[in-house]
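> Just so it is clear, I am handing over entry10.cif, which has mmCIF, C-alpha atoms.
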data_coords
#
loop_
_atom_site.label_atom_id
_atom_site.label_comp_id
_atom_site.auth_asym_id
_atom_site.auth_seq_id
_atom_site.Cartn_x
_atom_site.Cartn_y
_atom_site.Cartn_z
CA MET A 1 -7.87 -23.31 1.05
CA LYS A 2 -4.28 -22.24 1.73
CA ILE A 3 -2.67 -19.23 0.07
CA GLY A 4 0.92 -18.02 0.27
CA LEU A 5 2.37 -15.07 -1.60
CA GLU A 6 5.78 -14.12 -2.95
CA ILE A 7 5.88 -10.34 -3.35
CA HIS A 8 8.63 -8.80 -5.51
CA VAL A 9 9.27 -5.13 -4.75
CA GLN A 10 11.65 -3.04 -6.85
CA LEU A 11 13.66 -0.84 -4.50
CA PRO A 12 13.93 2.97 -4.93
CA THR A 13 17.68 3.15 -5.46
CA ARG A 14 19.33 5.41 -8.02
CA SER A 15 21.46 2.63 -9.50
CA LYS A 16 21.03 -1.08 -10.14
CA MET A 17 21.81 -3.87 -7.70
CA PHE A 18 25.29 -4.77 -8.92
CA CYS A 19 26.29 -2.02 -11.37
CA SER A 20 26.04 1.78 -11.75
CA CYS A 21 23.31 1.89 -14.43
CA PRO A 22 20.39 4.17 -13.44
CA THR A 23 17.10 2.57 -12.44
CA THR A 24 14.73 5.22 -13.82
CA GLY A 25 14.34 7.54 -16.77
CA ALA A 26 14.64 5.09 -19.67
CA ASP A 27 12.55 6.25 -22.63
CA ARG A 28 13.52 3.44 -25.00
CA PRO A 29 14.38 -0.28 -24.71
CA ASN A 30 17.92 -1.27 -23.74
CA GLN A 31 18.93 2.31 -22.93
CA HIS A 32 20.27 1.77 -19.42
CA ILE A 33 22.51 -1.26 -19.80
CA CYS A 34 26.23 -1.97 -19.44
CA PRO A 35 28.54 -4.98 -19.71
CA GLY A 36 27.87 -5.73 -16.02
CA CYS A 37 24.08 -6.01 -16.11
CA MET A 38 24.36 -7.73 -19.52
CA GLY A 39 26.52 -10.46 -17.99
CA MET A 40 29.51 -9.91 -20.28
CA PRO A 41 32.63 -12.05 -19.61
CA GLY A 42 35.21 -10.34 -17.42
CA THR A 43 32.73 -8.15 -15.50
CA ARG A 44 32.26 -8.39 -11.75
CA PRO A 45 29.26 -7.34 -9.64
CA ALA A 46 29.55 -4.65 -6.93
CA LEU A 47 26.87 -4.62 -4.23
CA ASN A 48 24.64 -1.55 -3.89
CA LYS A 49 24.80 -0.50 -0.21
CA ALA A 50 21.58 1.51 -0.45
CA ALA A 51 19.70 -1.64 -1.50
CA VAL A 52 21.00 -3.44 1.60
CA GLU A 53 19.86 -0.59 3.85
CA ILE A 54 16.38 -0.57 2.31
CA GLY A 55 16.22 -4.35 2.61
CA ILE A 56 16.96 -4.07 6.33
CA ARG A 57 14.19 -1.46 6.74
CA LEU A 58 11.72 -3.84 5.11
CA ALA A 59 12.93 -6.74 7.24
CA LYS A 60 12.31 -4.67 10.37
CA LEU A 61 8.86 -3.65 9.10
CA LEU A 62 8.07 -7.37 8.81
CA ASN A 63 9.44 -8.09 12.31
CA CYS A 64 12.09 -10.36 10.81
CA THR A 65 15.41 -11.38 12.32
CA VAL A 66 18.27 -9.67 10.47
CA PRO A 67 21.49 -11.74 10.32
CA ASP A 68 24.90 -10.38 11.28
CA VAL A 69 26.45 -11.63 8.04
CA ILE A 70 25.00 -12.06 4.55
CA TRP A 71 26.22 -13.44 1.25
CA PHE A 72 24.75 -14.10 -2.17
CA SER A 73 24.24 -17.14 -4.35
CA ARG A 74 23.71 -17.97 -7.99
CA LYS A 75 20.26 -19.36 -8.78
CA ILE A 76 20.86 -21.22 -12.01
CA TYR A 77 18.17 -21.49 -14.66
CA PHE A 78 17.95 -20.80 -18.37
CA TYR A 79 15.58 -18.16 -19.71
CA PRO A 80 16.03 -15.62 -22.53
CA ASP A 81 15.71 -12.53 -20.29
CA LEU A 82 18.39 -13.77 -17.86
CA CYS A 83 21.73 -12.66 -19.27
CA ASN A 84 24.04 -14.86 -17.20
CA HIS A 85 21.67 -17.86 -17.14
CA TYR A 86 21.78 -17.43 -13.39
CA GLN A 87 20.26 -14.88 -11.03
CA ILE A 88 22.24 -13.37 -8.17
CA THR A 89 20.05 -13.78 -5.10
CA GLN A 90 20.15 -14.66 -1.41
CA TYR A 91 19.55 -18.26 -0.43
CA GLU A 92 21.21 -19.32 2.81
CA THR A 93 21.28 -15.86 4.44
CA PRO A 94 18.20 -13.77 3.57
CA ILE A 95 18.22 -10.16 4.76
CA GLY A 96 15.30 -11.08 7.03
CA ALA A 97 13.72 -14.32 8.25
CA LYS A 98 10.99 -15.67 10.55
CA GLY A 99 8.90 -12.50 10.72
CA VAL A 100 5.23 -11.72 11.15
CA TYR A 101 2.91 -9.08 9.72
CA TYR A 102 -0.41 -8.37 11.40
CA LEU A 103 -3.48 -7.93 9.24
CA GLY A 104 -5.63 -6.37 11.92
CA LYS A 105 -5.23 -8.89 14.71
CA LYS A 106 -4.47 -11.84 12.40
CA PRO A 107 -0.77 -12.78 12.14
CA ILE A 108 0.58 -13.57 8.66
CA ARG A 109 3.91 -15.34 9.10
CA ILE A 110 6.79 -14.18 6.92
CA THR A 111 9.14 -16.97 5.91
CA ARG A 112 11.87 -14.72 4.54
CA ALA A 113 12.72 -11.48 2.78
CA HIS A 114 15.72 -11.65 0.50
CA LEU A 115 17.60 -9.36 -1.87
CA GLU A 116 18.10 -10.22 -5.52
CA GLU A 117 18.40 -8.78 -9.01
CA ASP A 118 15.53 -8.54 -11.48
CA PRO A 119 15.84 -10.20 -14.90
CA GLY A 120 15.01 -8.34 -18.08
CA SER A 121 11.53 -8.16 -19.56
CA MET A 122 10.35 -10.06 -22.61
CA LYS A 123 7.62 -8.91 -24.98
CA LYS A 124 6.15 -11.23 -27.59
CA SER A 125 5.16 -9.98 -31.00
CA GLY A 126 3.67 -12.76 -33.11
CA ASP A 127 6.29 -15.48 -33.41
CA THR A 128 9.05 -13.09 -32.27
CA ALA A 129 10.17 -12.36 -28.71
CA LEU A 130 11.77 -8.97 -27.99
CA ILE A 131 13.86 -8.50 -24.85
CA ASP A 132 14.37 -5.23 -23.01
CA TYR A 133 17.29 -5.40 -20.56
CA ASN A 134 16.62 -2.03 -18.90
CA ARG A 135 15.06 -3.98 -16.01
CA SER A 136 17.95 -6.45 -15.83
CA GLY A 137 19.82 -5.94 -12.56
CA MET A 138 17.15 -3.81 -10.87
CA PRO A 139 17.31 -4.30 -7.07
CA LEU A 140 14.49 -6.37 -5.62
CA VAL A 141 13.32 -7.57 -2.25
CA GLU A 142 11.26 -10.74 -2.42
CA ILE A 143 8.92 -11.25 0.53
CA VAL A 144 7.71 -14.82 1.04
CA THR A 145 4.76 -15.57 3.32
CA GLU A 146 3.66 -18.81 4.93
CA PRO A 147 0.33 -20.20 3.60
CA ASP A 148 -1.62 -18.30 6.28
CA ILE A 149 -3.98 -16.42 3.95
CA ALA A 150 -7.47 -17.91 3.90
CA THR A 151 -9.22 -16.40 0.85
CA PRO A 152 -8.48 -14.43 -2.34
CA ALA A 153 -10.22 -11.40 -0.78
CA GLU A 154 -7.96 -11.64 2.27
CA ALA A 155 -4.91 -11.84 -0.03
CA ARG A 156 -5.95 -8.57 -1.63
CA GLU A 157 -6.58 -6.98 1.78
CA PHE A 158 -3.16 -8.15 3.00
CA LEU A 159 -1.37 -6.79 -0.07
CA THR A 160 -3.21 -3.46 0.15
CA ALA A 161 -2.10 -2.96 3.74
CA LEU A 162 1.44 -4.27 3.20
CA LEU A 163 2.14 -2.19 0.10
CA LYS A 164 0.88 0.95 1.81
CA ASP A 165 3.29 0.26 4.67
CA ILE A 166 6.16 -0.52 2.30
CA ARG A 167 5.67 2.68 0.30
CA HIS A 168 5.72 4.74 3.49
CA VAL A 169 8.61 3.00 5.25
CA VAL A 170 11.06 3.00 2.31
CA ASP A 171 9.70 6.09 0.49
CA LEU A 172 8.72 4.03 -2.53
CA PRO A 173 7.04 6.35 -5.04
CA ASP A 174 3.79 5.26 -6.62
CA ASP A 175 4.86 6.63 -9.99
CA GLY A 176 4.41 3.65 -12.28
CA GLU A 177 8.14 3.13 -12.85
CA ARG A 178 8.69 0.85 -9.87
CA SER A 179 7.37 -2.64 -10.36
CA ILE A 180 5.55 -4.76 -7.78
CA ARG A 181 4.75 -8.29 -8.90
CA VAL A 182 3.25 -11.20 -7.00
CA ASP A 183 3.61 -14.97 -7.34
CA CYS A 184 0.46 -16.56 -5.92
CA ASN A 185 0.64 -20.04 -4.39
CA ILE A 186 -2.70 -21.72 -3.73
CA SER A 187 -3.73 -25.19 -2.63
CA MET A 188 -7.24 -26.61 -2.35
CA GLY A 189 -5.88 -30.03 -1.41
CA SER A 190 -2.47 -31.54 -0.73
CA GLU A 191 -0.66 -30.05 -3.74
CA ARG A 192 -0.25 -26.42 -4.73
CA CYS A 193 0.07 -24.45 -7.94
CA GLU A 194 1.90 -21.18 -8.43
CA VAL A 195 0.53 -18.35 -10.58
CA LYS A 196 3.57 -16.31 -11.64
CA ASN A 197 4.10 -12.58 -12.07
CA VAL A 198 0.64 -11.20 -11.37
CA SER A 199 0.48 -7.39 -11.39
CA GLY A 200 -2.27 -5.41 -9.69
CA LEU A 201 -4.31 -6.12 -6.56
CA LYS A 202 -7.50 -6.87 -8.49
CA ASN A 203 -5.65 -9.34 -10.69
CA VAL A 204 -4.20 -11.14 -7.67
CA GLU A 205 -7.70 -11.66 -6.28
CA ARG A 206 -9.09 -12.69 -9.67
CA ALA A 207 -6.24 -15.13 -10.39
CA LEU A 208 -6.59 -16.79 -6.98
CA THR A 209 -10.37 -16.98 -7.32
CA PHE A 210 -10.14 -18.62 -10.73
CA GLU A 211 -7.49 -21.04 -9.54
CA ALA A 212 -9.54 -21.98 -6.45
CA VAL A 213 -12.56 -22.79 -8.62
CA ARG A 214 -10.42 -24.71 -11.15
CA GLN A 215 -8.72 -26.84 -8.50
CA THR A 216 -12.01 -27.53 -6.73
CA LYS A 217 -13.58 -28.78 -9.97
CA VAL A 218 -10.62 -31.06 -10.66
CA LEU A 219 -10.77 -32.56 -7.16
CA LYS A 220 -14.55 -33.04 -7.25
CA ALA A 221 -14.22 -34.87 -10.58
CA GLY A 222 -11.79 -37.30 -8.93
CA GLY A 223 -8.69 -35.82 -10.53
CA ARG A 224 -5.38 -34.80 -8.99
CA ILE A 225 -3.78 -31.39 -8.80
CA THR A 226 -0.42 -31.34 -10.54
CA ARG A 227 2.30 -29.18 -8.99
CA GLU A 228 2.93 -26.63 -11.74
CA THR A 229 3.61 -23.01 -12.61
CA ARG A 230 0.73 -21.18 -14.28
CA HIS A 231 0.25 -17.77 -15.91
CA TYR A 232 -2.67 -15.40 -15.46
CA ASP A 233 -4.33 -14.06 -18.62
CA GLU A 234 -5.65 -10.61 -17.65
CA GLU A 235 -7.95 -10.28 -20.66
CA ARG A 236 -9.66 -13.66 -20.29
CA ARG A 237 -9.25 -13.72 -16.50
CA VAL A 238 -8.07 -17.33 -16.50
CA THR A 239 -4.88 -19.15 -15.52
CA THR A 240 -3.10 -21.35 -18.04
CA GLY A 241 -0.44 -24.02 -17.54
CA ALA A 242 3.13 -22.94 -18.25
CA ARG A 243 5.54 -25.57 -16.99
CA LYS A 244 6.14 -28.14 -14.31
CA LYS A 245 6.87 -26.43 -11.00
CA GLU A 246 10.54 -26.46 -10.05
CA TYR A 247 11.87 -27.58 -6.67
CA GLU A 248 14.69 -25.78 -4.83
CA SER A 249 17.14 -28.51 -5.81
CA ASP A 250 16.44 -27.82 -9.50
CA TYR A 251 18.15 -24.43 -9.25
CA ALA A 252 21.55 -25.84 -8.23
CA TYR A 253 22.39 -22.91 -5.93
CA ILE A 254 26.08 -22.12 -5.52
CA GLY A 255 27.75 -19.25 -3.67
CA GLU A 256 28.47 -16.12 -5.75
CA PRO A 257 32.30 -16.10 -5.77
CA ASN A 258 32.65 -12.49 -6.97
CA LEU A 259 30.84 -10.84 -4.05
CA GLY A 260 32.15 -12.42 -0.84
CA ILE A 261 30.72 -11.94 2.67
CA PHE A 262 29.15 -8.75 4.03
CA TYR A 263 28.91 -7.85 7.72
CA VAL A 264 25.64 -5.94 8.13
CA LYS A 265 25.15 -5.95 11.91
CA ASN A 266 26.48 -2.39 12.33
CA ILE A 267 24.21 -1.14 9.53
CA ALA A 268 21.20 -2.91 11.01
CA ASP A 269 21.88 -1.51 14.49
CA THR A 270 21.84 2.08 13.20
CA ILE A 271 18.62 1.77 11.19
CA VAL A 272 15.45 2.78 13.01
CA ALA A 273 12.44 1.72 10.96
CA LYS A 274 9.77 4.35 10.38
CA GLU A 275 6.41 3.65 11.99
CA SER A 276 4.17 1.98 9.42
CA PRO A 277 0.65 3.31 8.73
CA GLN A 278 -0.89 0.08 10.07
CA ASN A 279 1.06 0.32 13.32
CA MET A 280 0.27 4.02 13.55
CA ALA A 281 -3.48 3.36 13.26
CA ALA A 282 -3.28 0.71 15.98
CA ARG A 283 -1.33 3.09 18.24
CA LEU A 284 -3.78 5.97 17.74
CA ASP A 285 -6.65 3.69 18.68
CA ARG A 286 -4.74 2.41 21.70
CA GLU A 287 -3.52 5.80 22.97
CA PHE A 288 -6.53 7.98 22.18
CA GLY A 289 -9.40 5.48 22.29
CA ILE A 290 -10.90 6.62 18.98
CA GLY A 291 -11.76 3.16 17.62
CA GLU A 292 -10.08 1.09 14.92
CA ARG A 293 -12.32 2.36 12.10
CA ILE A 294 -11.71 6.07 12.79
CA ALA A 295 -7.98 5.51 13.31
CA LYS A 296 -7.64 3.72 9.97
CA GLN A 297 -9.76 6.37 8.24
CA ILE A 298 -7.43 9.15 9.41
CA VAL A 299 -4.19 7.29 8.65
CA ASN A 300 -5.40 6.05 5.24
CA THR A 301 -6.22 9.63 4.25
CA SER A 302 -2.66 10.68 5.05
CA VAL A 303 0.04 9.92 7.61
CA ARG A 304 0.61 13.67 7.91
CA LEU A 305 -3.09 14.13 8.71
CA ALA A 306 -2.68 11.52 11.44
CA GLU A 307 0.31 13.45 12.80
CA LEU A 308 -1.81 16.62 12.85
CA PHE A 309 -4.54 14.69 14.69
CA GLU A 310 -2.02 13.76 17.38
CA HIS A 311 -0.99 17.40 17.84
CA ILE A 312 -4.61 18.55 18.12
CA ALA A 313 -5.59 15.69 20.46
CA LYS A 314 -2.72 16.49 22.82
CA LYS A 315 -3.67 20.19 22.89
CA THR A 316 -7.40 19.51 23.30
CA ASP A 317 -8.86 16.00 23.63
CA SER A 318 -9.36 13.01 21.35
CA GLN A 319 -13.07 13.55 20.60
CA CYS A 320 -12.56 17.22 19.78
CA ALA A 321 -9.67 16.26 17.48
CA VAL A 322 -11.78 13.58 15.75
CA LYS A 323 -14.63 16.08 15.18
CA TRP A 324 -12.48 18.57 13.28
CA VAL A 325 -9.89 16.27 11.70
CA THR A 326 -12.49 13.96 10.14
CA GLY A 327 -14.65 16.97 9.25
CA PRO A 328 -13.47 20.18 7.54
CA ILE A 329 -9.73 19.44 7.85
CA SER A 330 -10.03 16.04 6.15
CA SER A 331 -12.40 17.32 3.44
CA GLY A 332 -9.92 20.04 2.45
CA TRP A 333 -6.78 17.98 3.01
CA LYS A 334 -5.66 17.75 -0.61
CA ALA A 335 -5.57 21.54 -0.85
CA VAL A 336 -3.59 22.03 2.35
CA GLU A 337 -1.30 18.98 2.66
CA ALA A 338 1.62 20.46 0.72
CA ASP A 339 1.47 23.64 2.85
CA ILE A 340 0.52 22.08 6.18
CA ASP A 341 3.75 23.05 7.98
CA SER A 342 2.98 26.76 7.59
CA LYS A 343 -0.68 26.37 8.60
CA LYS A 344 -0.47 23.69 11.29
CA ASP A 345 -0.12 26.05 14.27
CA ALA A 346 -3.04 28.22 13.17
CA ILE A 347 -5.26 25.16 12.67
CA ILE A 348 -4.40 23.84 16.14
CA GLU A 349 -5.00 27.27 17.74
CA THR A 350 -8.42 27.48 16.10
CA VAL A 351 -9.50 24.11 17.48
CA VAL A 352 -8.18 25.10 20.94
CA LEU A 353 -10.36 28.24 20.81
CA PHE A 354 -13.38 26.02 20.13
CA ARG A 355 -12.47 23.63 22.95
CA ASP A 356 -12.14 26.58 25.37
CA GLY A 357 -15.59 27.87 24.36
CA LYS A 358 -14.27 31.11 22.85
CA ILE A 359 -15.83 30.33 19.44
CA ASN A 360 -18.78 28.13 18.50
CA ASP A 361 -18.66 25.26 16.03
CA ILE A 362 -19.97 27.40 13.14
CA GLU A 363 -17.22 29.97 13.66
CA CYS A 364 -14.60 27.24 14.09
CA SER A 365 -15.69 25.54 10.87
CA LYS A 366 -15.59 28.86 9.00
CA ARG A 367 -12.10 29.70 10.25
CA LEU A 368 -10.71 26.25 9.46
CA LYS A 369 -12.13 26.31 5.94
CA ALA A 370 -10.65 29.77 5.38
CA LEU A 371 -7.23 28.59 6.63
CA ILE A 372 -7.31 25.51 4.44
CA SER A 373 -8.59 27.13 1.25
CA GLY A 374 -6.94 30.51 1.63
CA ASP A 375 -10.31 32.16 0.89
CA ASP A 376 -11.66 35.20 2.71
CA PRO A 377 -13.64 34.20 5.85
CA ASP A 378 -16.58 36.35 4.73
CA SER A 379 -16.88 34.44 1.45
CA ILE A 380 -16.74 31.17 3.42
CA GLU A 381 -19.55 32.45 5.65
CA LYS A 382 -21.66 33.38 2.61
CA GLN A 383 -21.15 29.93 1.07
CA SER A 384 -22.21 28.31 4.35
CA ALA A 385 -25.27 30.51 4.55
CA ASP A 386 -26.23 29.65 0.97
CA LEU A 387 -25.81 25.94 1.73
CA ASP A 388 -28.00 26.26 4.82
CA VAL A 389 -30.76 27.82 2.70
CA ILE A 390 -30.60 24.94 0.20
CA ILE A 391 -30.73 22.33 3.00
CA ARG A 392 -33.66 23.99 4.77
CA LYS A 393 -35.53 24.16 1.47
CA ALA A 394 -34.94 20.41 0.91
CA ILE A 395 -36.21 19.64 4.43
CA ALA A 396 -39.31 21.81 3.87
CA GLU A 397 -40.08 19.78 0.75
CA ASN A 398 -39.63 16.52 2.75
CA PRO A 399 -41.02 17.36 6.24
CA SER A 400 -41.40 13.70 7.28
CA VAL A 401 -37.60 13.43 7.44
CA ILE A 402 -37.59 15.31 10.76
CA GLY A 403 -39.59 12.64 12.56
CA ASP A 404 -37.67 9.87 10.82
CA TYR A 405 -34.35 11.46 11.81
CA ARG A 406 -35.48 11.57 15.46
CA LYS A 407 -35.83 7.75 15.32
CA ASN A 408 -32.83 6.99 13.05
CA ASP A 409 -30.12 9.47 12.09
CA LYS A 410 -29.60 7.64 8.76
CA ALA A 411 -32.77 9.40 7.58
CA ALA A 412 -30.51 12.43 6.99
CA ASN A 413 -29.19 10.65 3.91
CA ARG A 414 -32.41 11.53 2.04
CA ILE A 415 -31.69 15.24 2.45
CA ILE A 416 -27.95 14.83 1.87
CA GLY A 417 -28.58 13.01 -1.42
CA ALA A 418 -31.12 15.60 -2.59
CA VAL A 419 -28.75 18.50 -1.81
CA MET A 420 -25.81 16.79 -3.56
CA ARG A 421 -27.92 16.27 -6.69
CA GLU A 422 -29.00 19.91 -6.69
CA THR A 423 -25.61 21.48 -6.00
CA GLY A 424 -23.37 19.15 -7.99
CA SER A 425 -19.74 19.76 -7.01
CA THR A 426 -20.31 23.24 -5.59
CA TYR A 427 -19.91 22.01 -2.00
CA SER A 428 -17.85 19.15 -0.60
CA SER A 429 -19.78 16.10 0.54
CA SER A 430 -18.42 16.48 4.09
CA ASP A 431 -19.72 20.08 4.26
CA ILE A 432 -23.18 18.95 3.14
CA VAL A 433 -23.26 16.07 5.63
CA GLU A 434 -22.06 18.28 8.47
CA ALA A 435 -24.52 21.12 7.74
CA THR A 436 -27.49 18.77 7.21
CA LYS A 437 -27.00 16.98 10.51
CA ARG A 438 -26.48 20.26 12.32
CA ILE A 439 -29.72 21.71 10.98
CA LEU A 440 -31.70 18.51 11.66
CA ASP A 441 -30.31 18.37 15.20
CA GLU A 442 -31.53 21.94 15.76
CA MET A 443 -34.99 21.00 14.48
CA ILE A 444 -35.50 18.00 16.76
CA THR A 445 -34.36 19.67 19.99
#
Here is the file; what I need is its structure written in the form of C-alpha cells.

Amino acid sequence: MKIGLEIHVQLPTRSKMFCSCPTTGADRPNQHICPGCMGMPGTRPALNKAAVEIGIRLAKLLNCTVPDVIWFSRKIYFYPDLCNHYQITQYETPIGAKGVYYLGKKPIRITRAHLEEDPGSMKKSGDTALIDYNRSGMPLVEIVTEPDIATPAEAREFLTALLKDIRHVVDLPDDGERSIRVDCNISMGSERCEVKNVSGLKNVERALTFEAVRQTKVLKAGGRITRETRHYDEERRVTTGARKKEYESDYAYIGEPNLGIFYVKNIADTIVAKESPQNMAARLDREFGIGERIAKQIVNTSVRLAELFEHIAKKTDSQCAVKWVTGPISSGWKAVEADIDSKKDAIIETVVLFRDGKINDIECSKRLKALISGDDPDSIEKQSADLDVIIRKAIAENPSVIGDYRKNDKAANRIIGAVMRETGSTYSSSDIVEATKRILDEMIT
C-alpha cells in the first residue's frame, strides 16, 4: 500500500490572493466578491505579499528549498466554480520543494509546496447547482507528499501532527472559517486513484480505508485498477467514481502574463520560522531527558506550558519540573493559560522552594493550586483534606488494594475509579490520581 497526500491550507491573510476582498466575515453567499476574483474582463491580479511570506514560513517548516525567484502559471480547466476557467497557481517554481517532515523518526518526503488561489464552492440542491464565490481567490498553500505513508491510520497521524505544527507556525486559527482539505492518493498495485476534497481527519482515514479494501477486492478478482478521481460520501462512508484522472499535460499550463516575476530571496532570508510543536517536543526530550511520551504530552497540552516547563527545569531540574508541570499545573492549565505571564514567576518560585526543601510536596501542591485558581490557600487545603478522607474511606472498604498496589501500582486505579464515581466533577482527575498514589505510598512504607 502506498499513500500520498495533497493538503490544501487556506492562509490567514486579511485579503484574497490576487485582490483586496476580505477573506473572513461573510454572512451570506457572494458577499465578498469583486470584478477581480470574479474574473471579469479588463481586471488584473495583484499578488498578496502576506501570502508569500506565510508560504515561505510553511516551506521552511517542511524543510523545503525556497527558490530565489518565483512566478505563477495558469492551470486551465473548465468547472462552474472557476470564474476564469483557469486557476492561478505555481507550477515551475513552487514556493518550496524537496522537503521532508518527520513523523517521529520516520521521514515523509515533501515533493513541493506551492501557492495558488481557491475556486468558489458549489452546492447542489436537487437538479440545481448554486455557486458561492466568496471562497474564490482565497490564498492557498498546497502541500504535496511523496507516497511514503504506509497505512490510513498513519495518514491520520501524519495530518494530526502536521496541522498542529502549521497552526502554530503561521498562527492559523482553528475557528471553522479557514478550510483545510485533503486529496488522498492511494495505490494497492501499480495504478493509483485520487479521492478529492476530503475534509476532517477521521474522514481521511475512512476514505483511504474504504479505497484500500475496494482496490484489494478488484485486484483479487483479477480486475485492473483504473486511474481515476473519486469522491468520498461522508454519510455512506464510501468512495464513488467521478471522472477519469487528469495528467499534468491535460492542464495546458502557461505562464500568467499579468503577474510577472517576483524575487523572494530577500524575504526568505529575513524570515525565521517559529519552532514547531513536533520539533519542540523532540528538543525537550533531547535536552532534558524526559522521554518522548512526556515531552509530547506537555507540548500537546500547550506550547506555552512547554515554555513554562523549560523555565522551571532550568531553575530546578527536569524531574522536578515534570512532577509539577504534568501534575497540578497541567490539570489547571485552562484556567491559568490566559494569565500565565502574570503568574509565571510565582509558580516558578514555588517549585524552587520545594526543590530547596523549604516546603513539602503537600504545601507546594496547595500553593500552586491557589496560584492557578485564584482561590484562598485555606480553602484549597480544606478541599485536599476532604479528598483525603474520601480516598482513605475507599481504601478501607477495599483493603486488599494495599497488597495489590505493593506488587503493581496499577492497582491504584480501583480506588481512583471509585473516588471519581463518588465525587463526580468535584475534583480534577489529576488531583484524585495524585492524592490516591500519595496515600497508598504512605501505607506501604
> So that I can see what lies close to Val69 in chain A, please list as a list of chain:residue names the residues with an atom at most 8 Å from it, counting all atoms listed in the file and leaving out residues fewer than 5 positions away in the same chain.
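Here the qualifying residues turn out to be A:Thr93, A:Ile261, A:Phe262, A:Tyr263, A:Val264, A:Lys265.
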> Could you check which of A:Thr89, A:Asn185, A:Ala212, A:Ala207 is closest to Glu228 in chain A, using all atoms listed in the file?
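Result for the nearest residue to Glu228 in chain A: A:Asn185.
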> Could you expand the PyMOL selection byres ((chain A and resi 203) around 10) into the explicit residues it covers here, written as a list in words?
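That selection, the PyMOL selection byres ((chain A and resi 203) around 10), comes back as Arg156, Val182, Val198, Ser199, Gly200, Leu201, Lys202, Val204, Glu205, Arg206, Ala207, Leu208, Thr209, Tyr232, Asp233, Glu234 and Arg237 of chain A.
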> What's around Tyr405 in chain A at 12 Å? Count all atoms listed in the file, leave out sequence neighbours fewer than 4 positions away in its own chain, and write the answer as an NGL selection string.
:A and (395 or 398-401 or 409-415 or 436-445)
> What would the file look like if the residues just selected were written as a PDB file, in the coordinates of the input with C-alpha atoms?

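Writing done, so here's out_26.pdb:
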ATOM      1  CA  ILE A 395     -36.210  19.640   4.430  1.00  0.00           C
ATOM      2  CA  ASN A 398     -39.630  16.520   2.750  1.00  0.00           C
ATOM      3  CA  PRO A 399     -41.020  17.360   6.240  1.00  0.00           C
ATOM      4  CA  SER A 400     -41.400  13.700   7.280  1.00  0.00           C
ATOM      5  CA  VAL A 401     -37.600  13.430   7.440  1.00  0.00           C
ATOM      6  CA  ASP A 409     -30.120   9.470  12.090  1.00  0.00           C
ATOM      7  CA  LYS A 410     -29.600   7.640   8.760  1.00  0.00           C
ATOM      8  CA  ALA A 411     -32.770   9.400   7.580  1.00  0.00           C
ATOM      9  CA  ALA A 412     -30.510  12.430   6.990  1.00  0.00           C
ATOM     10  CA  ASN A 413     -29.190  10.650   3.910  1.00  0.00           C
ATOM     11  CA  ARG A 414     -32.410  11.530   2.040  1.00  0.00           C
ATOM     12  CA  ILE A 415     -31.690  15.240   2.450  1.00  0.00           C
ATOM     13  CA  THR A 436     -27.490  18.770   7.210  1.00  0.00           C
ATOM     14  CA  LYS A 437     -27.000  16.980  10.510  1.00  0.00           C
ATOM     15  CA  ARG A 438     -26.480  20.260  12.320  1.00  0.00           C
ATOM     16  CA  ILE A 439     -29.720  21.710  10.980  1.00  0.00           C
ATOM     17  CA  LEU A 440     -31.700  18.510  11.660  1.00  0.00           C
ATOM     18  CA  ASP A 441     -30.310  18.370  15.200  1.00  0.00           C
ATOM     19  CA  GLU A 442     -31.530  21.940  15.760  1.00  0.00           C
ATOM     20  CA  MET A 443     -34.990  21.000  14.480  1.00  0.00           C
ATOM     21  CA  ILE A 444     -35.500  18.000  16.760  1.00  0.00           C
ATOM     22  CA  THR A 445     -34.360  19.670  19.990  1.00  0.00           C
TER      23      THR A 445
END
> Compile a residue-level contact table for range 125-171 of chain A against range 80-87 of chain A at a cut-off of 10 Å, reporting for every qualifying residue the shortest atom pair and its distance in Å to one decimal, with all atoms listed in the file counted, rows ordered by chain and ascending number, as a Markdown table.

| residue | atom | partner | partner_atom | distance |
| --- | --- | --- | --- | --- |
| A:Ala129 | CA | A:Pro80 | CA | 9.1 |
| A:Leu130 | CA | A:Asp81 | CA | 9.4 |
| A:Ile131 | CA | A:Asp81 | CA | 6.4 |
| A:Asp132 | CA | A:Asp81 | CA | 7.9 |
| A:Tyr133 | CA | A:Asp81 | CA | 7.3 |
| A:Arg135 | CA | A:Asp81 | CA | 9.6 |
| A:Ser136 | CA | A:Leu82 | CA | 7.6 |
| A:Gly137 | CA | A:Gln87 | CA | 9.1 |
> For those residues, write C-alpha atoms to a file as a PDB file, in the frame of the given file.

ATOM      1  CA  ALA A 129      10.170 -12.360 -28.710  1.00  0.00           C
ATOM      2  CA  LEU A 130      11.770  -8.970 -27.990  1.00  0.00           C
ATOM      3  CA  ILE A 131      13.860  -8.500 -24.850  1.00  0.00           C
ATOM      4  CA  ASP A 132      14.370  -5.230 -23.010  1.00  0.00           C
ATOM      5  CA  TYR A 133      17.290  -5.400 -20.560  1.00  0.00           C
ATOM      6  CA  ARG A 135      15.060  -3.980 -16.010  1.00  0.00           C
ATOM      7  CA  SER A 136      17.950  -6.450 -15.830  1.00  0.00           C
ATOM      8  CA  GLY A 137      19.820  -5.940 -12.560  1.00  0.00           C
TER       9      GLY A 137
END
> Take the PyMOL selection byres ((chain A and resi 170) around 10), run it mentally on this structure, and tell me the resulting residues as a ChimeraX atom specification.
/A:11-12,53-55,57-58,61,165-169,171-173,273-274,276
> Running the PyMOL selection byres ((chain A and resi 157) around 12) on this model by hand, what would come out? Give it as a list in words.
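That expression, the PyMOL selection byres ((chain A and resi 157) around 12), corresponds here to Tyr102, Leu103, Gly104, Lys106, Ile108, Ile149, Ala150, Thr151, Pro152, Ala153, Glu154, Ala155, Arg156, Phe158, Leu159, Thr160, Ala161, Leu162, Leu163, Lys164, Leu201, Lys202, Val204 and Glu205 of chain A.
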> Of the residues A:Val218, A:Ile180, A:Ala51, A:Ala338, which is the one nearest to Lys16 in chain A, using only C-alpha atoms?
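Among the listed residues, A:Ala51 lies closest to Lys16 in chain A.
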> Choose the residue, out of A:Lys123, A:Arg367, A:Arg14, A:Lys60, that has the smallest atom-to-atom separation from Tyr101 in chain A; count all atoms listed in the file.
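Ranked by minimum distance to Tyr101 in chain A, first place goes to A:Lys60.
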> For each of A:Lys49, A:Arg74, A:Arg28, A:Lys217, take the minimum atom-to-atom distance to Met188 in chain A, counting all atoms listed in the file, then give the residue where this is smallest.
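The answer is A:Lys217, which sits nearest to Met188 in chain A.
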